[in-house]
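Asker: What follows is structure_37.cif, mmCIF, C-alpha atoms.
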data_protein
loop_
_atom_site.label_atom_id
_atom_site.label_comp_id
_atom_site.auth_asym_id
_atom_site.auth_seq_id
_atom_site.Cartn_x
_atom_site.Cartn_y
_atom_site.Cartn_z
CA MET A 2 -14.09 40.68 31.24
CA ILE A 3 -14.07 43.76 29.02
CA PRO A 4 -10.66 45.41 28.36
CA ALA A 5 -9.96 48.87 29.70
CA GLN A 6 -10.53 51.67 27.25
CA PHE A 7 -7.70 52.47 24.82
CA ASP A 8 -7.05 54.43 21.65
CA TYR A 9 -6.49 52.37 18.50
CA LEU A 10 -3.82 53.24 15.94
CA ALA A 11 -3.37 51.43 12.60
CA PRO A 12 -0.17 52.51 10.81
CA THR A 13 0.49 51.25 7.29
CA THR A 14 4.30 51.45 7.37
CA VAL A 15 7.02 50.42 9.81
CA GLU A 16 8.09 54.06 10.03
CA GLU A 17 4.59 55.13 11.12
CA ALA A 18 4.48 52.36 13.72
CA LEU A 19 7.87 53.36 15.13
CA ALA A 20 6.78 57.00 15.25
CA ALA A 21 3.68 56.01 17.23
CA LEU A 22 5.82 53.98 19.65
CA ALA A 23 8.19 56.90 20.09
CA GLU A 24 5.32 59.28 20.76
CA HIS A 25 3.41 57.15 23.26
CA GLY A 26 6.22 55.16 24.87
CA ASP A 27 5.23 52.98 27.83
CA ASP A 28 1.55 53.81 27.27
CA ALA A 29 1.46 51.83 24.00
CA LYS A 30 1.41 48.15 23.07
CA ILE A 31 1.94 46.55 19.68
CA ILE A 32 -0.75 44.14 18.47
CA ALA A 33 -0.08 41.70 15.63
CA GLY A 34 -2.51 38.79 15.28
CA GLY A 35 -3.91 39.48 18.74
CA GLN A 36 -3.97 35.86 19.88
CA SER A 37 -1.69 36.61 22.83
CA LEU A 38 -2.42 40.27 23.61
CA LEU A 39 -6.22 40.19 23.51
CA PRO A 40 -6.60 37.62 26.32
CA VAL A 41 -4.18 39.70 28.41
CA LEU A 42 -6.26 42.84 27.77
CA ARG A 43 -9.52 41.07 28.56
CA MET A 44 -8.14 39.89 31.91
CA ARG A 45 -6.81 43.43 32.50
CA LEU A 46 -3.33 42.11 33.15
CA ASN A 47 -2.20 44.99 30.97
CA ALA A 48 -4.06 48.21 30.25
CA PRO A 49 -2.25 50.30 27.61
CA GLU A 50 -3.66 53.68 26.64
CA PHE A 51 -2.76 53.06 22.99
CA VAL A 52 -2.84 49.86 20.95
CA ILE A 53 -0.78 50.02 17.75
CA ASP A 54 -2.06 47.51 15.20
CA ILE A 55 0.68 46.55 12.72
CA GLY A 56 -1.63 44.24 10.78
CA ARG A 57 -1.92 46.70 7.90
CA ILE A 58 1.81 46.83 7.21
CA ASP A 59 2.04 44.67 4.09
CA SER A 60 5.84 44.74 4.03
CA LEU A 61 5.86 42.55 7.15
CA ARG A 62 4.09 39.64 5.44
CA GLY A 63 5.43 36.80 3.34
CA VAL A 64 8.30 34.35 2.98
CA SER A 65 11.28 34.99 0.72
CA ASP A 66 14.52 33.30 -0.32
CA ASP A 67 17.69 35.19 0.61
CA GLY A 68 20.47 32.94 -0.57
CA ASP A 69 21.62 30.83 2.37
CA ALA A 70 18.54 31.72 4.45
CA ILE A 71 14.81 32.14 4.17
CA VAL A 72 13.17 35.25 5.57
CA ILE A 73 9.75 35.12 7.25
CA GLY A 74 7.95 38.41 7.73
CA ALA A 75 6.84 38.96 11.31
CA MET A 76 3.19 39.45 10.32
CA THR A 77 2.98 36.25 8.28
CA THR A 78 0.23 34.08 9.74
CA HIS A 79 1.01 30.63 11.08
CA VAL A 80 -1.14 29.01 8.41
CA ASP A 81 0.75 30.80 5.63
CA VAL A 82 4.12 29.83 7.10
CA GLY A 83 2.95 26.26 7.55
CA LYS A 84 1.96 25.82 3.91
CA ASP A 85 4.83 27.76 2.34
CA PRO A 86 7.02 25.57 0.07
CA LEU A 87 10.24 27.44 0.95
CA VAL A 88 9.70 26.74 4.65
CA ALA A 89 8.82 23.11 3.97
CA GLU A 90 12.00 22.61 1.91
CA HIS A 91 14.55 24.59 3.89
CA ALA A 92 13.15 24.79 7.45
CA THR A 93 11.08 21.64 7.76
CA LEU A 94 11.20 21.83 11.55
CA VAL A 95 9.10 25.01 11.48
CA THR A 96 6.49 23.33 9.31
CA LYS A 97 6.34 20.38 11.70
CA ALA A 98 5.94 22.63 14.74
CA ILE A 99 3.14 24.68 13.20
CA GLU A 100 1.17 21.48 12.58
CA HIS A 101 0.93 21.20 16.38
CA LEU A 102 0.40 24.88 17.16
CA ALA A 103 -2.95 25.62 18.83
CA ASP A 104 -6.04 25.16 16.64
CA ALA A 105 -7.05 26.20 13.11
CA GLN A 106 -8.61 29.48 14.24
CA VAL A 107 -5.47 30.60 16.06
CA ARG A 108 -3.25 29.51 13.16
CA HIS A 109 -5.29 31.66 10.77
CA ARG A 110 -5.13 34.76 13.00
CA GLY A 111 -1.89 34.40 14.93
CA THR A 112 1.39 35.56 13.43
CA PHE A 113 4.84 34.02 13.33
CA GLY A 114 6.59 37.10 14.69
CA GLY A 115 3.91 37.84 17.24
CA ALA A 116 4.21 34.42 18.84
CA LEU A 117 8.00 34.66 19.03
CA ALA A 118 7.92 38.20 20.40
CA HIS A 119 5.42 37.09 23.06
CA ALA A 120 8.12 34.62 24.17
CA ASP A 121 6.01 32.29 26.26
CA PRO A 122 8.41 29.43 27.17
CA ALA A 123 5.55 27.01 26.47
CA GLY A 124 5.08 28.43 22.95
CA ASP A 125 5.66 26.04 20.08
CA LEU A 126 7.93 28.22 17.92
CA GLY A 127 10.75 29.24 20.29
CA ALA A 128 12.50 25.87 20.41
CA PRO A 129 12.43 25.36 16.61
CA ALA A 130 13.77 28.89 16.06
CA LEU A 131 16.55 28.23 18.58
CA ALA A 132 17.40 24.83 17.11
CA LEU A 133 17.63 26.30 13.60
CA ASP A 134 19.89 29.18 14.72
CA ALA A 135 17.38 31.77 13.55
CA GLU A 136 18.21 35.47 13.48
CA PHE A 137 15.65 38.04 14.57
CA VAL A 138 15.56 41.28 12.57
CA ILE A 139 14.54 44.09 14.90
CA THR A 140 13.84 47.61 13.65
CA GLY A 141 13.99 50.86 15.60
CA SER A 142 14.57 54.52 14.94
CA GLY A 143 18.27 53.82 14.47
CA GLY A 144 17.65 51.20 11.77
CA GLU A 145 17.79 47.42 11.70
CA ARG A 146 19.77 45.06 13.89
CA ARG A 147 19.97 41.28 13.96
CA VAL A 148 19.86 39.23 17.12
CA ALA A 149 20.70 35.52 17.26
CA ALA A 150 18.04 33.25 18.69
CA ALA A 151 20.40 32.33 21.54
CA ASP A 152 20.38 36.00 22.61
CA PHE A 153 16.80 36.90 21.69
CA PHE A 154 15.00 35.06 24.52
CA GLU A 155 16.25 36.77 27.68
CA ASP A 156 13.86 35.61 30.41
CA PHE A 157 10.26 34.60 31.00
CA MET A 158 8.25 36.40 28.28
CA THR A 159 11.13 38.84 27.85
CA THR A 160 13.09 39.36 24.64
CA ALA A 161 15.81 41.56 23.20
CA ILE A 162 13.19 43.81 21.57
CA ALA A 163 13.39 47.25 23.18
CA ASP A 164 10.29 49.30 23.98
CA ASP A 165 10.85 51.51 20.94
CA GLU A 166 11.53 48.64 18.51
CA ILE A 167 9.51 46.20 16.39
CA LEU A 168 10.33 42.67 15.29
CA THR A 169 10.08 42.89 11.49
CA SER A 170 11.29 39.49 10.25
CA VAL A 171 13.00 36.24 11.15
CA ARG A 172 15.90 34.85 9.13
CA ILE A 173 16.35 31.07 9.21
CA PRO A 174 19.51 29.47 7.78
CA LYS A 175 18.63 26.80 5.26
CA HIS A 176 18.66 23.26 6.56
CA THR A 177 17.86 21.70 3.21
CA GLY A 178 17.72 17.92 3.29
CA TRP A 179 17.66 17.69 7.08
CA GLY A 180 15.02 15.48 8.67
CA ALA A 181 12.83 17.13 11.28
CA HIS A 182 10.21 16.34 13.88
CA TYR A 183 8.35 18.17 16.64
CA GLU A 184 7.23 15.91 19.49
CA LYS A 185 4.68 17.54 21.79
CA PHE A 186 3.12 16.10 24.94
CA VAL A 187 -0.26 17.43 26.11
CA ARG A 188 -3.18 16.20 28.19
CA VAL A 189 -5.84 17.57 25.83
CA ALA A 190 -5.76 18.68 22.21
CA HIS A 191 -4.58 22.22 21.38
CA GLN A 192 -3.12 22.72 24.87
CA TRP A 193 0.16 24.47 25.56
CA PRO A 194 2.80 21.70 25.67
CA ILE A 195 3.66 20.22 29.03
CA VAL A 196 6.97 19.49 27.32
CA ALA A 197 7.90 19.46 23.63
CA VAL A 198 11.06 18.71 21.68
CA ALA A 199 12.11 20.16 18.33
CA ALA A 200 14.68 18.00 16.55
CA THR A 201 16.34 18.30 13.16
CA VAL A 202 19.11 15.96 12.05
CA LYS A 203 21.31 15.38 9.06
CA THR A 204 22.13 11.79 8.28
CA ASP A 205 24.62 10.14 5.96
CA GLY A 206 24.21 6.46 5.24
CA GLY A 207 22.26 5.83 8.43
CA THR A 208 24.73 7.78 10.60
CA ILE A 209 23.86 11.10 12.23
CA SER A 210 26.36 13.71 11.05
CA GLU A 211 24.72 16.79 12.61
CA ALA A 212 21.89 17.36 15.06
CA ARG A 213 19.98 20.26 16.56
CA VAL A 214 17.58 19.78 19.49
CA GLY A 215 15.41 22.45 21.13
CA LEU A 216 13.33 22.06 24.29
CA THR A 217 9.95 23.68 24.96
CA ASN A 218 8.71 24.51 28.49
CA MET A 219 11.83 23.25 30.22
CA GLY A 220 12.82 26.62 31.67
CA SER A 221 11.99 30.31 31.54
CA VAL A 222 13.18 30.42 27.91
CA PRO A 223 13.48 27.87 25.08
CA LEU A 224 16.61 25.75 25.51
CA ARG A 225 19.09 23.87 23.34
CA ALA A 226 19.97 20.33 24.41
CA THR A 227 23.60 20.76 23.38
CA SER A 228 24.82 17.67 25.20
CA VAL A 229 22.37 15.57 23.21
CA GLU A 230 23.43 17.22 19.97
CA GLN A 231 27.09 16.44 20.63
CA ALA A 232 26.37 12.89 21.72
CA LEU A 233 24.40 12.16 18.54
CA VAL A 234 27.14 13.11 16.09
CA GLY A 235 28.69 10.04 14.51
CA GLN A 236 26.11 7.69 16.02
CA PRO A 237 23.88 5.34 14.03
CA ALA A 238 20.25 6.37 13.86
CA THR A 239 19.16 3.42 15.98
CA ASP A 240 16.95 3.26 19.04
CA ASP A 241 19.78 2.23 21.37
CA ALA A 242 22.21 4.91 20.22
CA VAL A 243 19.61 7.68 20.28
CA ARG A 244 18.32 6.55 23.68
CA ARG A 245 21.81 6.87 25.16
CA ALA A 246 22.27 10.34 23.70
CA ALA A 247 18.80 11.49 24.78
CA ALA A 248 19.46 10.50 28.40
CA SER A 249 21.15 13.87 28.98
CA ALA A 250 18.32 15.97 27.50
CA ALA A 251 17.25 17.44 30.85
CA GLU A 252 20.74 18.45 31.97
CA GLY A 253 20.90 22.13 32.88
CA THR A 254 17.14 22.63 32.62
CA ASN A 255 14.84 24.21 35.19
CA PRO A 256 11.30 23.18 34.26
CA PRO A 257 8.27 24.51 36.13
CA SER A 258 6.07 22.52 38.49
CA ASP A 259 2.32 23.02 38.07
CA LEU A 260 -0.95 21.12 37.82
CA ASN A 261 0.22 19.42 34.63
CA GLY A 262 3.29 17.92 36.25
CA ASP A 263 6.21 18.63 38.52
CA ALA A 264 9.76 19.39 37.47
CA ASP A 265 11.02 15.80 37.79
CA TYR A 266 8.16 14.54 35.64
CA ARG A 267 9.03 17.08 32.96
CA LYS A 268 12.69 16.09 33.06
CA HIS A 269 11.69 12.48 32.47
CA LEU A 270 9.42 13.54 29.62
CA ALA A 271 12.23 15.50 28.02
CA THR A 272 14.40 12.39 27.66
CA VAL A 273 11.54 10.29 26.29
CA LEU A 274 10.35 12.93 23.83
CA THR A 275 13.89 13.71 22.68
CA ARG A 276 14.44 10.06 21.76
CA ARG A 277 11.14 9.99 19.86
CA ALA A 278 11.79 13.27 18.09
CA VAL A 279 15.33 12.40 17.00
CA LEU A 280 14.35 8.95 15.74
CA ALA A 281 11.44 10.40 13.77
CA ALA A 282 13.63 13.16 12.34
CA ALA A 283 16.20 10.58 11.27
CA GLY A 284 13.51 8.47 9.65
CA ALA A 285 14.29 5.56 11.93
#
Translate this structure into structure tokens?
Answerer:
Amino acid sequence: MIPAQFDYLAPTTVEEALAALAEHGDDAKIIAGGQSLLPVLRMRLNAPEFVIDIGRIDSLRGVSDDGDAIVIGAMTTHVDVGKDPLVAEHATLVTKAIEHLADAQVRHRGTFGGALAHADPAGDLGAPALALDAEFVITGSGGERRVAAADFFEDFMTTAIADDEILTSVRIPKHTGWGAHYEKFVRVAHQWPIVAVAATVKTDGGTISEARVGLTNMGSVPLRATSVEQALVGQPATDDAVRRAAASAAEGTNPPSDLNGDADYRKHLATVLTRRAVLAAAGA
């Protein structure tokens, strides 16, 4: 299907983009890499009168070191994030997740910030961002504000970004030396995950000293498996110990039921994939 007619705006600064949003309000939509918005426009699920393309704003691209955190510009493509040495060293979980994200074409066009702002609960970046305690830098006419990942994802495809604001970057605290793994279950290659688990752990002499576990597609937003995290601390990185901790992975979740599997099936998958992810992250 062909999208409805719209006017195209291509600002070159954040200030110009914010001015366009302020002028056109609810009649405008931001487009980044376009891998999420364009299918929506083609199906006419949304028909904005103005599309504001922020792809020409160079200040929104790149990865930088900011002391105890790395900063990823919202317009940085998945492929550039995935091959960046700072991300690989300090946020290995993000690198692991991007290896499983869609296909090569989408990774070359899609953007890190765009995928997170889209906030599909089956997206591959929400759970890693949540597990790593990322901060989202959101810019509006009143300046910048930072929102913790735990507060950023509000509901199904709904975030803390207001209609007159733009996600400009994502700050990720350094998890240098932590092991990481992203375990994704699909029926066919490049599919949205039926369930996925993002795990990063810190070990000391074969014992897990800290753990972070995020769940993909187990509710209307990405979720933290906090009971698993707490149960893992002080445990040996063995199959038996991790299996016992992972048994609570589905507690407090509300996964969907669809053609790929019902809620109970997903809850079972969550425990299995959590065990696999944690063991792989711990190098066991």
Asker: To one decimal place, how far is CA of Leu94 in chain A from CA of Gly141 in chain A in Å?
Answerer: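 Computing the Euclidean distance for CA of Leu94 in chain A and CA of Gly141 in chain A yields 29.4 Å.
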Asker: Residues picked by the PyMOL selection byres ((chain A and resi 203) around 7) here, as a ChimeraX atom specification?
Answerer: /A:179-180,202,204-205,209-212
Asker: Using Å and a single decimal, report how far CA of Ile3 in chain A sits from CA of His191 in chain A.
Answerer: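 The value is 24.7 Å.
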Asker: Considering only C-alpha atoms, return as a list in words whatever protein or nucleic-acid residues lie within 7 Å of range 262-269 of chain A, sequence-local ones (same chain, fewer than 4 positions apart) excluded.
Answerer: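 The neighbour list is Val196, Ala251, Pro256, Pro257, Ser258 and Val273 of chain A.
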Asker: Selected by the PyMOL selection byres ((chain A and resi 280) around 12) in the shown coordinates: which residues, as a ChimeraX atom specification?
Answerer: /A:180-184,198-204,207-209,212,214,233,236-244,246-247,273-279,281-285
Asker: When the PyMOL selection byres ((chain A and resi 113) around 7) is applied to the file above, which residues end up in the set, as a list in words?
Answerer: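 Applying the expression gives Ala75, Met76, Thr77, Thr78, His79, Gly111, Thr112, Gly114, Gly115, Ala116 and Leu117 of chain A.
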Asker: Please report the interatomic distance between CA of Leu131 in chain A and CA of Gly144 in chain A in Å with one decimal.
Answerer: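 Atom-to-atom, CA of Leu131 in chain A and CA of Gly144 in chain A are spaced 24.0 Å apart.
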Asker: Could you check the closest approach to Ala105 in chain A for each of A:Asp81, A:Asp54, A:Glu145, A:Asp27 and tell me which residue wins, using all atoms listed in the file?
Answerer: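 Looking only at the distances to Ala105 in chain A, the closest residue turns out to be A:Asp81.
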